[in-house]
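Engineer: My structure is in data.cif, and what it holds is mmCIF, C-alpha atoms:
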```cif
data_start
#
loop_
_atom_site.group_PDB
_atom_site.id
_atom_site.type_symbol
_atom_site.label_atom_id
_atom_site.label_comp_id
_atom_site.auth_asym_id
_atom_site.auth_seq_id
_atom_site.Cartn_x
_atom_site.Cartn_y
_atom_site.Cartn_z
ATOM 1 C CA MET N 30 106.842 94.003 112.658
ATOM 2 C CA LEU N 31 104.091 93.538 115.219
ATOM 3 C CA LYS N 32 106.888 92.254 117.450
ATOM 4 C CA LYS N 33 107.783 95.909 117.960
ATOM 5 C CA ILE N 34 104.642 96.376 120.021
ATOM 6 C CA LYS N 35 104.708 93.022 121.816
ATOM 7 C CA ASN N 36 103.148 93.353 125.289
ATOM 8 C CA LYS N 37 102.106 96.930 124.452
ATOM 9 C CA TYR N 38 98.772 98.469 123.433
ATOM 10 C CA ILE N 39 96.866 98.872 120.203
ATOM 11 C CA LEU N 40 94.178 101.495 119.716
ATOM 12 C CA ILE N 41 91.278 100.055 117.759
ATOM 13 C CA ASP N 42 89.764 102.561 115.331
ATOM 14 C CA THR N 43 86.003 102.845 114.869
ATOM 15 C CA ASN N 44 86.177 101.415 111.352
ATOM 16 C CA ILE N 45 87.710 98.176 112.709
ATOM 17 C CA LEU N 46 84.867 97.915 115.243
ATOM 18 C CA ILE N 47 82.303 98.393 112.475
ATOM 19 C CA TYR N 48 83.812 96.048 109.905
ATOM 20 C CA SER N 49 84.584 93.322 112.435
ATOM 21 C CA SER N 50 80.941 93.320 113.541
ATOM 22 C CA ARG N 51 79.928 92.771 109.913
ATOM 23 C CA SER N 52 82.495 90.062 109.175
ATOM 24 C CA PRO N 53 83.807 88.599 112.458
ATOM 25 C CA ASN N 54 85.099 85.369 110.916
ATOM 26 C CA GLU N 55 87.205 87.208 108.373
ATOM 27 C CA PHE N 56 88.855 89.207 111.175
ATOM 28 C CA LYS N 57 89.863 86.099 113.147
ATOM 29 C CA PRO N 58 93.391 85.725 111.641
ATOM 30 C CA PHE N 59 94.105 89.402 112.299
ATOM 31 C CA PHE N 60 92.889 89.237 115.903
ATOM 32 C CA ASN N 61 94.767 85.981 116.504
ATOM 33 C CA LYS N 62 97.989 87.587 115.355
ATOM 34 C CA ILE N 63 97.493 90.459 117.799
ATOM 35 C CA ARG N 64 96.776 87.965 120.582
ATOM 36 C CA LYS N 65 99.896 85.984 119.682
ATOM 37 C CA TYR N 66 102.044 89.001 120.548
ATOM 38 C CA LYS N 67 100.077 89.685 123.735
ATOM 39 C CA ILE N 68 99.128 93.147 122.506
ATOM 40 C CA SER N 69 96.308 94.581 124.584
ATOM 41 C CA PRO N 70 93.470 96.499 122.959
ATOM 42 C CA ALA N 71 92.897 100.104 123.884
ATOM 43 C CA ILE N 72 90.137 102.537 123.105
ATOM 44 C CA ASP N 73 89.727 106.203 123.820
ATOM 45 C CA TYR N 74 86.611 108.207 124.501
ATOM 46 C CA SER N 75 86.539 109.808 121.052
ATOM 47 C CA ILE N 76 86.457 106.363 119.379
ATOM 48 C CA LYS N 77 83.813 105.200 121.830
ATOM 49 C CA LEU N 78 81.749 108.287 121.020
ATOM 50 C CA GLU N 79 82.140 107.750 117.281
ATOM 51 C CA PHE N 80 81.045 104.125 117.561
ATOM 52 C CA LEU N 81 78.061 104.727 119.829
ATOM 53 C CA ARG N 82 76.788 108.092 118.611
ATOM 54 C CA SER N 83 74.868 106.880 115.556
ATOM 55 C CA SER N 84 72.647 104.583 117.665
ATOM 56 C CA ASN N 85 69.033 105.489 117.035
ATOM 57 C CA THR N 86 67.442 103.236 119.676
ATOM 58 C CA LEU N 87 68.371 102.297 123.243
ATOM 59 C CA LYS N 88 68.487 98.683 122.121
ATOM 60 C CA ALA N 89 71.067 99.458 119.427
ATOM 61 C CA PHE N 90 73.105 101.523 121.914
ATOM 62 C CA ASN N 91 73.150 98.660 124.436
ATOM 63 C CA TYR N 92 74.050 96.080 121.807
ATOM 64 C CA LYS N 93 77.017 98.213 120.793
ATOM 65 C CA LYS N 94 78.108 98.623 124.419
ATOM 66 C CA ASP N 95 77.947 94.831 124.833
ATOM 67 C CA TYR N 96 79.919 94.452 121.648
ATOM 68 C CA LEU N 97 82.689 96.652 123.065
ATOM 69 C CA ASP N 98 82.665 94.599 126.290
ATOM 70 C CA LEU N 99 83.072 91.344 124.398
ATOM 71 C CA PHE N 100 85.593 92.811 121.995
ATOM 72 C CA PHE N 101 87.846 94.171 124.739
ATOM 73 C CA GLY N 102 87.206 91.381 127.237
ATOM 74 C CA ASP N 103 87.761 91.559 130.944
ATOM 75 C CA LYS N 104 88.352 95.144 132.013
ATOM 76 C CA LYS N 105 91.764 94.178 133.377
ATOM 77 C CA ASN N 106 92.890 93.395 129.858
ATOM 78 C CA HIS N 107 92.249 96.687 128.192
ATOM 79 C CA MET N 108 92.760 100.349 128.631
ATOM 80 C CA ILE N 109 90.383 103.252 128.136
ATOM 81 C CA ILE N 110 92.612 106.225 127.447
ATOM 82 C CA PRO N 111 91.282 109.561 128.669
ATOM 83 C CA THR N 112 91.085 112.372 126.132
ATOM 84 C CA GLU N 113 92.765 114.998 128.273
ATOM 85 C CA LYS N 114 93.924 118.556 127.520
ATOM 86 C CA LYS N 115 97.338 117.402 126.252
ATOM 87 C CA ILE N 116 95.651 115.238 123.609
ATOM 88 C CA PHE N 117 93.727 118.242 122.274
ATOM 89 C CA GLU N 118 96.974 120.243 122.201
ATOM 90 C CA ASN N 119 98.754 117.454 120.292
ATOM 91 C CA ALA N 120 95.781 117.135 117.926
ATOM 92 C CA MET N 121 95.902 120.873 117.208
ATOM 93 C CA GLN N 122 99.651 120.798 116.460
ATOM 94 C CA LEU N 123 99.308 117.742 114.254
ATOM 95 C CA SER N 124 96.347 119.105 112.302
ATOM 96 C CA ILE N 125 98.408 122.186 111.381
ATOM 97 C CA LEU N 126 101.282 119.957 110.325
ATOM 98 C CA TYR N 127 98.879 117.819 108.261
ATOM 99 C CA ASN N 128 97.770 120.953 106.419
ATOM 100 C CA PHE N 129 101.396 121.896 105.844
ATOM 101 C CA LEU N 130 102.051 118.454 104.365
ATOM 102 C CA ASN N 131 99.439 119.508 101.860
ATOM 103 C CA VAL N 132 97.974 116.317 100.506
ATOM 104 C CA PRO N 133 94.350 117.100 99.494
ATOM 105 C CA LYS N 134 92.816 114.097 101.246
ATOM 106 C CA ARG N 135 94.491 115.044 104.507
ATOM 107 C CA THR N 136 92.784 118.403 104.685
ATOM 108 C CA LYS N 137 89.585 116.443 105.256
ATOM 109 C CA ILE N 138 90.880 114.717 108.382
ATOM 110 C CA SER N 139 88.149 114.489 111.001
ATOM 111 C CA PRO N 140 88.563 115.986 114.493
ATOM 112 C CA ILE N 141 88.338 112.453 115.910
ATOM 113 C CA ASP N 142 91.249 111.259 113.763
ATOM 114 C CA CYS N 143 93.237 114.313 114.945
ATOM 115 C CA LEU N 144 92.562 113.243 118.554
ATOM 116 C CA ILE N 145 93.634 109.672 117.771
ATOM 117 C CA ALA N 146 96.861 111.052 116.257
ATOM 118 C CA GLY N 147 97.247 113.129 119.438
ATOM 119 C CA GLN N 148 96.983 109.967 121.563
ATOM 120 C CA LEU N 149 99.588 108.214 119.418
ATOM 121 C CA MET N 150 101.869 111.219 119.848
ATOM 122 C CA LYS N 151 101.546 111.216 123.623
ATOM 123 C CA TYR N 152 101.962 107.461 124.084
ATOM 124 C CA LYS N 153 104.432 106.938 121.245
ATOM 125 C CA GLU N 154 106.482 104.315 123.099
ATOM 126 C CA LYS N 155 103.681 101.952 124.006
ATOM 127 C CA LEU N 156 100.689 102.606 121.753
ATOM 128 C CA ALA N 157 100.003 101.778 118.103
ATOM 129 C CA LEU N 158 96.829 102.144 116.019
ATOM 130 C CA ALA N 159 94.916 99.663 113.880
ATOM 131 C CA THR N 160 92.850 101.411 111.195
ATOM 132 C CA ILE N 161 91.462 101.075 107.695
ATOM 133 C CA ASN N 162 91.641 104.817 107.284
ATOM 134 C CA ASN N 163 95.237 104.716 106.057
ATOM 135 C CA SER N 164 95.356 108.118 104.375
ATOM 136 C CA ASP N 165 94.910 110.013 107.662
ATOM 137 C CA PHE N 166 98.109 108.691 109.221
ATOM 138 C CA PRO N 167 100.813 109.977 106.850
ATOM 139 C CA LEU N 168 104.207 108.307 106.698
ATOM 140 C CA GLU N 169 105.847 111.721 107.085
ATOM 141 C CA ILE N 170 104.839 111.490 110.772
ATOM 142 C CA PHE N 171 103.960 107.850 111.482
ATOM 143 C CA ASN N 172 105.694 104.516 110.963
ATOM 144 C CA ARG N 173 103.545 101.853 109.340
ATOM 145 C CA LEU N 174 104.481 98.690 111.203
ATOM 146 C CA GLU N 175 102.431 96.257 109.169
ATOM 147 C CA ILE N 176 99.553 95.901 106.712
ATOM 148 C CA PHE N 177 96.973 93.128 107.010
ATOM 149 C CA ASN N 178 94.731 92.288 104.091
ATOM 150 C CA ILE N 179 91.280 91.036 104.893
ATOM 151 C CA GLU N 180 89.298 89.543 102.060
ATOM 152 C CA LEU N 181 85.564 90.150 102.160
ATOM 153 C CA SER N 182 83.144 88.890 99.545
ATOM 154 C CA HIS N 183 82.904 92.296 97.797
ATOM 155 C CA ASP N 184 85.945 94.115 99.092
ATOM 156 C CA ILE N 185 89.513 93.843 100.356
ATOM 157 C CA LEU N 186 90.343 95.745 103.523
ATOM 158 C CA ASN N 187 93.848 96.998 104.185
ATOM 159 C CA ILE N 188 94.389 97.380 107.893
ATOM 160 C CA GLY N 189 97.410 99.533 108.679
ATOM 161 C CA ILE N 190 99.209 99.401 112.008
ATOM 162 C CA TYR N 191 100.718 102.788 112.834
ATOM 163 C CA GLN N 192 103.032 104.165 115.482
ATOM 164 C CA PHE N 193 103.977 107.799 115.978
ATOM 165 C CA SER N 194 107.598 108.598 115.068
ATOM 166 C CA GLY N 195 109.200 111.357 117.118
ATOM 167 C CA ILE N 196 112.044 111.604 114.581
ATOM 168 C CA LYS N 197 109.731 111.976 111.585
ATOM 169 C CA TYR N 198 107.565 114.459 113.454
ATOM 170 C CA GLN N 199 110.586 116.594 114.324
ATOM 171 C CA LYS N 200 111.743 116.599 110.689
ATOM 172 C CA ALA N 201 108.294 117.621 109.447
ATOM 173 C CA TYR N 202 108.022 120.252 112.188
ATOM 174 C CA ASN N 203 111.461 121.717 111.349
ATOM 175 C CA LYS N 204 110.444 121.994 107.686
ATOM 176 C CA PHE N 205 107.219 123.695 108.724
ATOM 177 C CA VAL N 206 109.073 126.222 110.927
ATOM 178 C CA ALA N 207 111.678 126.916 108.213
ATOM 179 C CA LYS N 208 108.943 127.518 105.636
ATOM 180 C CA SER N 209 107.012 129.766 108.026
ATOM 181 C CA GLU N 210 109.966 132.081 108.712
ATOM 182 C CA MET I 145 67.918 89.576 125.427
ATOM 183 C CA ASN I 146 66.323 92.778 124.145
ATOM 184 C CA GLY I 147 69.302 95.048 124.807
ATOM 185 C CA VAL I 148 68.108 96.116 128.280
ATOM 186 C CA ARG I 149 68.940 94.005 131.370
ATOM 187 C CA THR I 150 67.499 93.629 134.826
ATOM 188 C CA LYS I 151 69.893 94.090 137.764
ATOM 189 C CA LYS I 152 70.246 90.331 138.127
ATOM 190 C CA GLU I 153 70.891 89.849 134.420
ATOM 191 C CA GLN I 154 73.526 92.587 134.565
ATOM 192 C CA GLU I 155 75.301 90.800 137.431
ATOM 193 C CA GLN I 156 75.288 87.548 135.469
ATOM 194 C CA TYR I 157 76.591 89.371 132.428
ATOM 195 C CA ASP I 158 79.405 91.042 134.416
ATOM 196 C CA ASN I 159 80.415 87.668 135.868
ATOM 197 C CA LYS I 160 80.518 86.190 132.389
ATOM 198 C CA LEU I 161 82.965 88.894 131.304
ATOM 199 C CA LYS I 162 85.383 88.164 134.138
ATOM 200 C CA GLY I 163 88.562 86.635 132.768
ATOM 201 C CA ARG I 164 87.428 87.016 129.162
ATOM 202 C CA GLU I 165 90.321 87.533 126.744
ATOM 203 C CA PRO I 166 90.192 90.430 124.293
ATOM 204 C CA PHE I 167 89.760 89.750 120.547
ATOM 205 C CA LEU I 168 88.072 86.433 121.255
ATOM 206 C CA ILE I 169 85.575 85.502 118.540
ATOM 207 C CA ASP I 170 83.258 82.916 120.044
ATOM 208 C CA ASP I 171 79.522 82.208 119.766
ATOM 209 C CA GLU I 172 78.700 85.005 122.197
ATOM 210 C CA PHE I 173 80.692 87.461 120.102
ATOM 211 C CA MET I 174 79.087 86.256 116.877
ATOM 212 C CA LYS I 175 75.590 86.727 118.328
ATOM 213 C CA ILE I 176 76.173 90.300 119.452
ATOM 214 C CA ALA I 177 78.076 91.118 116.235
ATOM 215 C CA GLU I 178 74.972 90.109 114.289
ATOM 216 C CA LYS I 179 72.840 92.479 116.399
ATOM 217 C CA VAL I 180 75.325 95.337 115.894
ATOM 218 C CA LYS I 181 75.418 94.633 112.162
ATOM 219 C CA GLU I 182 71.628 94.915 112.019
ATOM 220 C CA ALA I 183 71.699 98.110 114.090
ATOM 221 C CA LEU I 184 74.343 99.663 111.817
ATOM 222 C CA GLU I 185 72.240 98.860 108.743
ATOM 223 C CA ASP I 186 69.459 101.006 110.232
ATOM 224 C CA GLU I 187 71.775 103.871 111.035
ATOM 225 C CA ASP I 188 73.232 106.628 108.971
ATOM 226 C CA VAL I 189 76.901 105.764 109.544
ATOM 227 C CA GLU I 190 79.117 108.460 108.088
ATOM 228 C CA GLU I 191 81.519 107.490 105.348
ATOM 229 C CA ASP I 192 84.438 108.809 107.388
ATOM 230 C CA GLN I 193 83.782 106.310 110.178
ATOM 231 C CA GLU I 194 84.302 103.547 107.691
#
```
What is this structure when it is put down as structure tokens?
Structural biologist:
Amino acid sequence: MLKKIKNKYILIDTNILIYSSRSPNEFKPFFNKIRKYKISPAIDYSIKLEFLRSSNTLKAFNYKKDYLDLFFGDKKNHMIIPTEKKIFENAMQLSILYNFLNVPKRTKISPIDCLIAGQLMKYKEKLALATINNSDFPLEIFNRLEIFNIELSHDILNIGIYQFSGIKYQKAYNKFVAKSE
Amino acid sequence: MNGVRTKKEQEQYDNKLKGREPFLIDDEFMKIAEKVKEALEDEDVEEDQE
């Protein structure tokens, strides 16, 4: 199903950046598959903030910046998506809809995940997301294109690839409006 | 490399990145991944980030 986003973009969630730094070899098959379909990596400023903000020394901060450079490669090959006003508006709408969907875990969605969902909503035709945080991208709104399993020595990671579905969103939104009347 | 570069080192580094493909796991990547791994071990990374 990755074919669906061939030659398009994939937003790399913070958790993928963290886990792939811990176990780069284990992530190779996953990254190779993305490369096979010529899918370009994308990042947005909220993910960048989340990845860099816990640095407690300048050295650690610079190592992480270098890591992003190497991860995303030549600047021509990746996209930094601005977190503009529209993204905040989308994030707000989606967070209300998440609450309406009423699954306990989803009420704990972080503001950064709301912004990521907002990006996916805006760029629904050409942007997907790779994340381990599968519960924050509900199938009532998103299509799950594929799941990759990555075996670590003490864990198995399930990486979900998600794309915003305008049809699903509209259905969920209509239900929300009907219930609110 | 101690995480901070001189101007000349930065230029060399930028040149090295030119034409680099994304998602490429090579020796350079492995080295910096190790440094990031160590840095993350010292940090209080929130559960939600993971």
Engineer: Evaluate the PyMOL selection byres ((chain I and resi 181) around 12) on the structure here and hand back the selected residues as a ChimeraX atom specification.
Structural biologist: /N:46-53,84,89,92-93,96 /I:173-180,182-187,189
Engineer: Excluding Tyr198 of chain N and any residue of its chain fewer than 3 positions from it, enumerate the residues within 8 Å of it, using only C-alpha atoms, and give them as a list in words.
Structural biologist: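 Close residues of Tyr198 of chain N: Glu169, Ile170, Phe171, Phe193, Ser194, Gly195, Ala201 and Tyr202 of chain N.
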Engineer: Which chain N residues have any atom within 8 Å of an atom of chain I, and for each, what is the nearest pair of atoms with distance in Å to one decimal, counting only C-alpha atoms, rows sorted by chain and number, as JSON lines?
Structural biologist:
```
{"residue": "N:Thr43", "atom": "CA", "partner": "I:Gln193", "partner_atom": "CA", "distance": 6.2}
{"residue": "N:Asn44", "atom": "CA", "partner": "I:Glu194", "partner_atom": "CA", "distance": 4.6}
{"residue": "N:Ile47", "atom": "CA", "partner": "I:Glu194", "partner_atom": "CA", "distance": 7.3}
{"residue": "N:Tyr48", "atom": "CA", "partner": "I:Glu194", "partner_atom": "CA", "distance": 7.8}
{"residue": "N:Ser49", "atom": "CA", "partner": "I:Ala177", "partner_atom": "CA", "distance": 7.9}
{"residue": "N:Ser50", "atom": "CA", "partner": "I:Ala177", "partner_atom": "CA", "distance": 4.5}
{"residue": "N:Arg51", "atom": "CA", "partner": "I:Lys181", "partner_atom": "CA", "distance": 5.4}
{"residue": "N:Pro53", "atom": "CA", "partner": "I:Met174", "partner_atom": "CA", "distance": 6.9}
{"residue": "N:Asn54", "atom": "CA", "partner": "I:Ile169", "partner_atom": "CA", "distance": 7.6}
{"residue": "N:Lys57", "atom": "CA", "partner": "I:Ile169", "partner_atom": "CA", "distance": 6.9}
{"residue": "N:Phe60", "atom": "CA", "partner": "I:Phe167", "partner_atom": "CA", "distance": 5.6}
{"residue": "N:Asn61", "atom": "CA", "partner": "I:Phe167", "partner_atom": "CA", "distance": 7.5}
{"residue": "N:Arg64", "atom": "CA", "partner": "I:Phe167", "partner_atom": "CA", "distance": 7.2}
{"residue": "N:Ser69", "atom": "CA", "partner": "I:Pro166", "partner_atom": "CA", "distance": 7.4}
{"residue": "N:Pro70", "atom": "CA", "partner": "I:Pro166", "partner_atom": "CA", "distance": 7.0}
{"residue": "N:Glu79", "atom": "CA", "partner": "I:Gln193", "partner_atom": "CA", "distance": 7.4}
{"residue": "N:Ser83", "atom": "CA", "partner": "I:Glu187", "partner_atom": "CA", "distance": 6.2}
{"residue": "N:Ser84", "atom": "CA", "partner": "I:Glu187", "partner_atom": "CA", "distance": 6.7}
{"residue": "N:Asn85", "atom": "CA", "partner": "I:Glu187", "partner_atom": "CA", "distance": 6.8}
{"residue": "N:Leu87", "atom": "CA", "partner": "I:Gly147", "partner_atom": "CA", "distance": 7.5}
{"residue": "N:Lys88", "atom": "CA", "partner": "I:Gly147", "partner_atom": "CA", "distance": 4.6}
{"residue": "N:Ala89", "atom": "CA", "partner": "I:Ala183", "partner_atom": "CA", "distance": 5.5}
{"residue": "N:Asn91", "atom": "CA", "partner": "I:Gly147", "partner_atom": "CA", "distance": 5.3}
{"residue": "N:Tyr92", "atom": "CA", "partner": "I:Gly147", "partner_atom": "CA", "distance": 5.7}
{"residue": "N:Lys93", "atom": "CA", "partner": "I:Val180", "partner_atom": "CA", "distance": 5.9}
{"residue": "N:Asp95", "atom": "CA", "partner": "I:Ile176", "partner_atom": "CA", "distance": 7.3}
{"residue": "N:Tyr96", "atom": "CA", "partner": "I:Ile176", "partner_atom": "CA", "distance": 6.0}
{"residue": "N:Asp98", "atom": "CA", "partner": "I:Leu161", "partner_atom": "CA", "distance": 7.6}
{"residue": "N:Leu99", "atom": "CA", "partner": "I:Phe173", "partner_atom": "CA", "distance": 6.3}
{"residue": "N:Phe100", "atom": "CA", "partner": "I:Phe167", "partner_atom": "CA", "distance": 5.4}
{"residue": "N:Phe101", "atom": "CA", "partner": "I:Pro166", "partner_atom": "CA", "distance": 4.4}
{"residue": "N:Gly102", "atom": "CA", "partner": "I:Pro166", "partner_atom": "CA", "distance": 4.3}
{"residue": "N:Asp103", "atom": "CA", "partner": "I:Arg164", "partner_atom": "CA", "distance": 4.9}
{"residue": "N:Lys104", "atom": "CA", "partner": "I:Lys162", "partner_atom": "CA", "distance": 7.9}
{"residue": "N:Asn106", "atom": "CA", "partner": "I:Pro166", "partner_atom": "CA", "distance": 6.9}
{"residue": "N:His107", "atom": "CA", "partner": "I:Pro166", "partner_atom": "CA", "distance": 7.7}
{"residue": "N:Ser139", "atom": "CA", "partner": "I:Asp192", "partner_atom": "CA", "distance": 7.7}
{"residue": "N:Ile161", "atom": "CA", "partner": "I:Glu194", "partner_atom": "CA", "distance": 7.6}
{"residue": "N:Asn162", "atom": "CA", "partner": "I:Glu194", "partner_atom": "CA", "distance": 7.5}
```
Engineer: Within 12 Å of (100.3, 96.9, 129.9) (coordinates as in the file), grab all the protein and nucleic acid residues, counting all atoms listed in the file, and write them out as an MDAnalysis selection string.
Structural biologist: chainID N and resid 34:39 67:71 105:109 154:156
Engineer: Mind giving me the straight-line distance from atom CA of Lys197 of chain N to atom CA of Asn163 of chain N in Å, one decimal?
Structural biologist: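 We find that atom CA of Lys197 of chain N and atom CA of Asn163 of chain N lie 17.1 Å from each other.
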Engineer: One decimal, Å: what's the distance from atom CA of Ile145 of chain N over to atom CA of Gln122 of chain N, could you say?
Structural biologist: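 Interatomic distance here is 12.7 Å.
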Engineer: Considering all atoms listed in the file, return as a list of chain:residue names whatever protein or nucleic-acid residues lie within 12 Å of Ser209 of chain N, sequence-local ones (same chain, fewer than 2 positions apart) excluded.
Structural biologist: N:Ile125, N:Leu126, N:Phe129, N:Tyr202, N:Asn203, N:Lys204, N:Phe205, N:Val206, N:Ala207
Engineer: In Å, rounded to a single decimal, give me how far atom CA of Leu174 of chain N is from atom CA of Lys151 of chain N.
Structural biologist: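 Taking atom CA of Lys151 of chain N as the start and atom CA of Leu174 of chain N as the end point, the length is 17.9 Å.
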Engineer: Using all atoms listed in the file, find the one residue out of N:Ala120, N:Thr160, N:Gly189, N:Glu210 that sits nearest to Leu31 of chain N.
Structural biologist: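 For Leu31 of chain N, the nearest of the candidates is N:Gly189.
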Engineer: With 9 Å as the threshold, what does the neighbourhood of (91.4, 114.3, 117.4) contain in terms of residues, counting only C-alpha atoms? Coordinates are those of the file; answer as a ChimeraX atom specification.
Structural biologist: /N:75,112,116-117,119-121,124,139-148
